[in-house]
Structure formats: C-alpha cells, structure tokens
Amino acid sequence: MKDETKCLHAGYTPKNSEPRVVPIVQSTTYVYDSTREVAAVFDDPTRSLIYSRFANPTVMAVEEKIAALEGGIAAMCTSSGQAASLLSILNLCRAGDSFISTPQIYGGTINLFAFTLKKYGIECIFVDAYADEETIHKAFKPNTRLIFGETLANPALTVFDIEKFAKVAHEHNVPLIMDNTFPTPVLCKPFDFGADIVVHSTTKYMDGHAVQGGGVIVDSGKFDWTCGNFPEMTEPDESYHGTIYTEMYGKAAYIIKARMQLMRDFGCYPAAHSAFLLNLGLETLAIRMPQYCKHGLAIAELLEASEKVERVKYPGLKSDPDYELAQKYLPNGCSGVISFVVKGGRANAEKFMDSLKLASNEVHVADIRTCVLHPASETHRQLTEEQLVAAGINPGLVRFSVGLEDIDDIKEDVQRALDAI
C-alpha cells in the first residue's frame, strides 16, 4: 500500500460486523479463565494483553500504523516525544556508557542529553552535524553505544546526513537513532538510508491538531544486536524471568525489550483516548504534508525577499546551504516550519511576533494552524549562550510554523508584521 492508503487502513482491519473506525478500548485490564494463562502472558507479553501499562488495543492499532508508514517491524507509543527519546537511549545505555548526538536537535532533547542523563552517569558526546567521517570516528569511546540525530532539526532546520552517520555508526557496531518528527515518514523514511531506530513526537504533524501529546519509537528490525556490544540483548534479563531478547524475539529484540523492561518500569504509555485522537490525525497525514510543504516554501520565499529579514533557514530554498541534502533526503518537501532571523535582534523579533494577527504565539509547532515562537526566550531559554549558538539559535531567530489556512491570508499576516518593525 502507498502512504495515503496506509494512513487510512494500516494497523486495523475490522472483521465482519466489527466497527469501521478504530474503537476506544477504555480498560486498564483484561480477564483470563485461569491463573496459568495469566502466568503465561507475564512470561511473554506478546502472547496477549494483560495490562494497559504494557499495551492496549487502541494504542496497538496506532503503533502498527506508524510502523507500517516508517517501514519498521514494530513500534511502541509513549506519553510524549521526550519520553520516546529518553527510552530509546535508556534501552541501550546504562550508567558509565556514552552516546553521540549532534547539537542541532530540539532544545529540550539537548537538556535531556547534556544535563539530566549526565546526572545518571550517561555521557552525551556532541558532534556537529556537518562534521566529516574522521571527526565522528574520533568522538567514539569504548563505551559509546549509539548515535542520535534529527532528520530536520528543530528549530535550526539543518538536514542530517543520515547515510554518513549510519556508515560511521555501523563501522563501530552501534545503531543510528533518528528523530523524524518534522518530516514524518511521508517526507522521509530514515530506514531507507541506514537508520536503525526512529523516534517521533507524535504531538506535532502526526497529530496535527494540537489535541494530545505523544511519542513513538519504531524499530527497523535491521540491526544485529548479537554483534557483541549489547550483552543486555543476548544475555538473560534477571528483571524479566531470565529472558534473552535476541533468542526469544529475534529482529524485534530492541522494541520488545523497551516494552517489557522500560515501559513496565517507567509506565509512560499513552491512554487509549489519546491514541484514538492521534489516529484521526494520522488518517490525513499524507494529504496534509504536501500542503504544509507548499505553504512553507511560499512563506520562506516571501521572507527571503524582505529587507527586514537577515537570513532565512528553509532547506527547500535553493539558496539554503542544506538544499542538496534536502533534495536527497526530502525530495518531496521540507515541511511547513521555517526559521529566520529578524534584523535588529531580540527586540525586533518580539515586535514581529506581537504584530501577527492570524498566527498564534504559542509553544507549539507543526500544527494545522499557523503558529510562531521565539526559541531564545521560550523553548530554548534553559540553554547557555554557547549552547544556543551550537544549536543554531540566534537571539533574533523566529520559528514560523505555517498552517493550512489560505496562503494569501498567511502572507498578508506575515507582511503586516514585517511592516510593523
């Protein structure tokens, strides 16, 4: 099936007389006829459902749909995108381990990696997204367990060279984990370029309507966990009946371990109703994304032509330094998110934002409605000046997320705000 069809049909196929729409199974628990049957499911949760902290039919339908869209073998939803990023790391790293990430990622993720995980003994080694292979190789330590990157960085909008980082990661027998939130699988499928695990904040384009928070981890099933670097996959898990994940679950070892071990202990599973709302957004994802891209390019061109704007970062523009990478990884468009620097710095950036009438000033992005944000004083305010620079955040930087309103109305709103500076 093509993506448009998967968005509507993957993950749930009703049988004779069953509901056409994915039903909301609003239950925390499931009944069995015998103690022995319950025990069997505790030994192997993939046999059936037992408790909605592990799995729920409504959420499972969404998990299967997203896995199908990404081309993975399985997925696990979480209560937020931040939870998905966290669990994707903790599934491989323990105290004393390290991993590599580019600094051109979401500010909240930088904080998680550079500060919070550090407190628990896990080191993040930051390597610039534009670094050459030799530099990436040199960043590795004997305890480095993975590389993490963001396909289209939020809000720097740098395009991650997936094949380059995947090549280096695999030469060290570690996986590449990609945050694919902005492109979604409609615009980019990282597994096709060598990535091994994909995470999303489903709060963004996948949901599209700003009605629920969520995240997801998708397993490609392609990484060889028996390579010698991951004993927790190949040796008995004392916390779960001595399960050896690679022996019992083969290619799905990573995602099953995440569910049986981490989701069991951290409990950050989404509610059935949240998954139901997410599914409604997913059903229109493949037809919404091309429109976001069309609107995004139009506004990027308007901003680039304005004398009030210092520079525009949108990989769909031919003048963008990442244009060639975007043609390789995002040939069908670069989403509807634009980053640009207003001349005059922070004060003029705030003046621009406060002069908008249609666009909402809010801490959100990738919505069906146009919204705008000033990263330096809002989402990335926890970063030091040095980290702001490393993440590509200028004090005058504005993140503009184009919605699906009529493009002439959006243009008029932007031009009015520019004129007010």
# chains A, B, ... in the order shown; residues from 1 in each chain; ligands from 1
$ residues_around --residues "segment 78-93 of chain A" --least-positions-apart "2" --cutoff "9 Å" --atoms "only C-alpha atoms" --output "PyMOL selection string"
chain A and resi 76+95-99+108-109+112-113+117+122+144-146+148+177+179+181+197-203+213-217+230+232-233+254-255+257-258+261-263+267-271+274
$ write_last_selection --atoms "N, CA and C atoms" --output "short mmCIF file (atom, residue, chain, number, x, y, z; two decimals), in the first residue's frame"
data_model
loop_
_atom_site.label_atom_id
_atom_site.label_comp_id
_atom_site.auth_asym_id
_atom_site.auth_seq_id
_atom_site.Cartn_x
_atom_site.Cartn_y
_atom_site.Cartn_z
N MET A 76 6.43 1.25 19.49
CA MET A 76 5.88 1.38 20.84
C MET A 76 5.58 2.85 21.10
N ALA A 95 24.50 3.50 33.29
CA ALA A 95 25.50 4.38 33.91
C ALA A 95 26.89 3.93 33.51
N GLY A 96 27.70 4.90 33.07
CA GLY A 96 29.05 4.58 32.62
C GLY A 96 29.18 4.51 31.12
N ASP A 97 28.05 4.53 30.41
CA ASP A 97 28.07 4.49 28.94
C ASP A 97 28.02 5.91 28.37
N SER A 98 28.29 5.99 27.06
CA SER A 98 28.20 7.26 26.35
C SER A 98 27.48 7.05 25.03
N PHE A 99 27.03 8.14 24.44
CA PHE A 99 26.48 8.10 23.08
C PHE A 99 26.78 9.41 22.40
N GLY A 108 14.88 20.87 24.11
CA GLY A 108 14.52 20.01 25.23
C GLY A 108 15.31 18.72 25.23
N THR A 109 15.61 18.22 24.04
CA THR A 109 16.41 17.00 23.93
C THR A 109 17.85 17.26 24.33
N LEU A 112 17.92 17.21 28.04
CA LEU A 112 17.84 15.82 28.50
C LEU A 112 19.20 15.14 28.39
N PHE A 113 19.85 15.31 27.23
CA PHE A 113 21.11 14.63 26.96
C PHE A 113 22.28 15.22 27.75
N LEU A 117 20.59 13.24 31.74
CA LEU A 117 21.23 11.92 31.62
C LEU A 117 22.62 11.91 32.25
N ILE A 122 25.29 8.87 32.30
CA ILE A 122 25.34 8.61 30.85
C ILE A 122 25.82 9.88 30.16
N THR A 144 30.86 3.91 23.89
CA THR A 144 29.83 4.59 23.08
C THR A 144 28.87 3.57 22.49
N ARG A 145 27.57 3.80 22.69
CA ARG A 145 26.57 2.77 22.37
C ARG A 145 25.68 3.10 21.19
N LEU A 146 25.65 4.37 20.74
CA LEU A 146 24.76 4.73 19.64
C LEU A 146 25.07 6.12 19.15
N PHE A 148 22.78 9.55 17.75
CA PHE A 148 21.43 10.11 17.69
C PHE A 148 21.45 11.36 16.83
N ILE A 177 20.02 6.21 15.77
CA ILE A 177 18.65 6.54 16.15
C ILE A 177 18.31 7.90 15.58
N ASP A 179 15.47 11.07 15.10
CA ASP A 179 14.22 11.76 15.40
C ASP A 179 13.67 12.28 14.07
N THR A 181 10.58 13.66 13.49
CA THR A 181 9.34 14.36 13.80
C THR A 181 8.88 15.31 12.71
N ILE A 197 16.76 2.89 14.29
CA ILE A 197 15.62 3.18 15.17
C ILE A 197 15.14 4.58 14.84
N VAL A 198 13.82 4.79 14.84
CA VAL A 198 13.24 6.11 14.61
C VAL A 198 12.35 6.48 15.79
N VAL A 199 12.44 7.75 16.22
CA VAL A 199 11.53 8.25 17.24
C VAL A 199 10.77 9.45 16.67
N HIS A 200 9.62 9.71 17.25
CA HIS A 200 8.80 10.87 16.85
C HIS A 200 8.18 11.49 18.09
N SER A 201 7.98 12.79 18.01
CA SER A 201 6.99 13.44 18.86
C SER A 201 5.71 13.43 18.03
N THR A 202 4.78 12.56 18.37
CA THR A 202 3.53 12.47 17.60
C THR A 202 2.62 13.66 17.89
N THR A 203 3.02 14.48 18.86
CA THR A 203 2.29 15.71 19.19
C THR A 203 2.26 16.66 18.00
N GLY A 213 -0.66 15.01 23.52
CA GLY A 213 0.79 14.82 23.48
C GLY A 213 1.10 13.35 23.34
N GLY A 214 2.18 13.04 22.63
CA GLY A 214 2.54 11.64 22.48
C GLY A 214 3.87 11.47 21.78
N GLY A 215 4.37 10.27 21.81
CA GLY A 215 5.61 9.93 21.13
C GLY A 215 5.58 8.49 20.68
N VAL A 216 6.59 8.09 19.92
CA VAL A 216 6.65 6.71 19.45
C VAL A 216 8.09 6.34 19.14
N ILE A 217 8.43 5.08 19.36
CA ILE A 217 9.71 4.51 18.96
C ILE A 217 9.41 3.42 17.93
N PHE A 230 26.13 -5.49 22.86
CA PHE A 230 24.89 -5.33 23.61
C PHE A 230 24.52 -6.60 24.37
N GLU A 232 23.02 -6.94 27.09
CA GLU A 232 21.66 -6.94 27.65
C GLU A 232 20.63 -7.50 26.68
N MET A 233 21.00 -7.58 25.40
CA MET A 233 20.11 -8.18 24.41
C MET A 233 20.36 -9.69 24.26
N TYR A 254 14.99 -5.32 20.24
CA TYR A 254 15.08 -3.96 20.79
C TYR A 254 13.73 -3.45 21.27
N ILE A 255 12.72 -3.52 20.43
CA ILE A 255 11.44 -2.93 20.78
C ILE A 255 10.71 -3.73 21.85
N LYS A 257 12.27 -5.45 24.25
CA LYS A 257 12.97 -5.10 25.50
C LYS A 257 12.49 -3.76 26.01
N ALA A 258 12.30 -2.79 25.12
CA ALA A 258 11.81 -1.48 25.53
C ALA A 258 10.44 -1.60 26.21
N GLN A 261 10.77 -4.19 29.60
CA GLN A 261 11.66 -3.72 30.67
C GLN A 261 11.39 -2.26 31.02
N LEU A 262 11.47 -1.36 30.04
CA LEU A 262 11.38 0.06 30.34
C LEU A 262 9.95 0.54 30.52
N MET A 263 9.05 0.15 29.61
CA MET A 263 7.66 0.60 29.77
C MET A 263 7.05 0.02 31.03
N GLY A 267 6.39 3.26 32.92
CA GLY A 267 4.94 3.44 32.82
C GLY A 267 4.47 4.65 32.04
N CYS A 268 5.23 5.06 31.02
CA CYS A 268 4.84 6.26 30.26
C CYS A 268 4.09 5.88 28.98
N TYR A 269 3.08 5.03 29.13
CA TYR A 269 2.27 4.58 28.00
C TYR A 269 1.09 5.51 27.81
N PRO A 270 0.70 5.82 26.57
CA PRO A 270 -0.42 6.75 26.34
C PRO A 270 -1.78 6.11 26.63
N ALA A 271 -2.75 6.96 26.90
CA ALA A 271 -4.11 6.50 27.12
C ALA A 271 -4.77 6.12 25.79
N SER A 274 -6.14 9.09 23.86
CA SER A 274 -5.09 9.86 23.19
C SER A 274 -4.70 9.19 21.87
#
$ closest_residue --among "A:Ile287, A:Ala75, A:Ile368, A:Ala166" --to "Asp207 of chain A" --atoms "only C-alpha atoms"
A:Ile368
$ select_by_dssp --residues "segment 148-186 of chain A" --states "helix (DSSP H, G or I)" --output "list in words"
Ile162, Glu163, Lys164, Phe165, Ala166, Lys167, Val168, Ala169, His170, Glu171, Thr184, Pro185 and Val186 of chain A
$ residues_around --residues "segment 295-309 of chain A" --least-positions-apart "4" --cutoff "12 Å" --atoms "only C-alpha atoms" --output "number ranges by chain"
A: 288-291, 313-320, 332-345, 348-349, 351-352, 366, 368-370, 396-421
$ residues_around --residues "Tyr12 of chain A" --least-positions-apart "4" --cutoff "8 Å" --atoms "only C-alpha atoms" --output "VMD selection string"
chain A and resid 22 61 65
$ closest_atom_pairs --of "segment 241-261 of chain A" --to "segment 44-57 of chain A" --cutoff "9 Å" --atoms "only C-alpha atoms" --output "tab-separated table"
residue	atom	partner	partner_atom	distance
A:Thr243	CA	A:Asp44	CA	8.9
A:Ile256	CA	A:Thr46	CA	8.4
A:Arg259	CA	A:Phe54	CA	6.5
A:Met260	CA	A:Phe54	CA	7.3
$ write_last_selection --atoms "C-alpha atoms" --output "short mmCIF file (atom, residue, chain, number, x, y, z; two decimals), in the first residue's frame"
data_model
loop_
_atom_site.label_atom_id
_atom_site.label_comp_id
_atom_site.auth_asym_id
_atom_site.auth_seq_id
_atom_site.Cartn_x
_atom_site.Cartn_y
_atom_site.Cartn_z
CA THR A 243 14.51 -13.59 29.06
CA ILE A 256 10.30 -5.88 22.91
CA ARG A 259 8.25 -2.62 26.26
CA MET A 260 8.93 -5.46 28.70
#
$ residues_around --residues "Leu325 of chain A" --least-positions-apart "3" --cutoff "7 Å" --atoms "only C-alpha atoms" --output "ChimeraX atom specification"
/A:159,161,322,328-329
$ residues_around --residues "Asn361 of chain A" --least-positions-apart "2" --cutoff "10 Å" --atoms "only C-alpha atoms" --output "PyMOL selection string"
chain A and resi 353-354+356-359+363-364+370-374+400
$ closest_residue --among "A:Leu277, A:Ile147, A:Val59, A:Ile136" --to "Asn173 of chain A" --atoms "only C-alpha atoms"
A:Ile147
$ residues_around --residues "Thr246 of chain A" --least-positions-apart "6" --cutoff "8 Å" --atoms "only C-alpha atoms" --output "PyMOL selection string"
chain A and resi 225-226+233-234+252-253
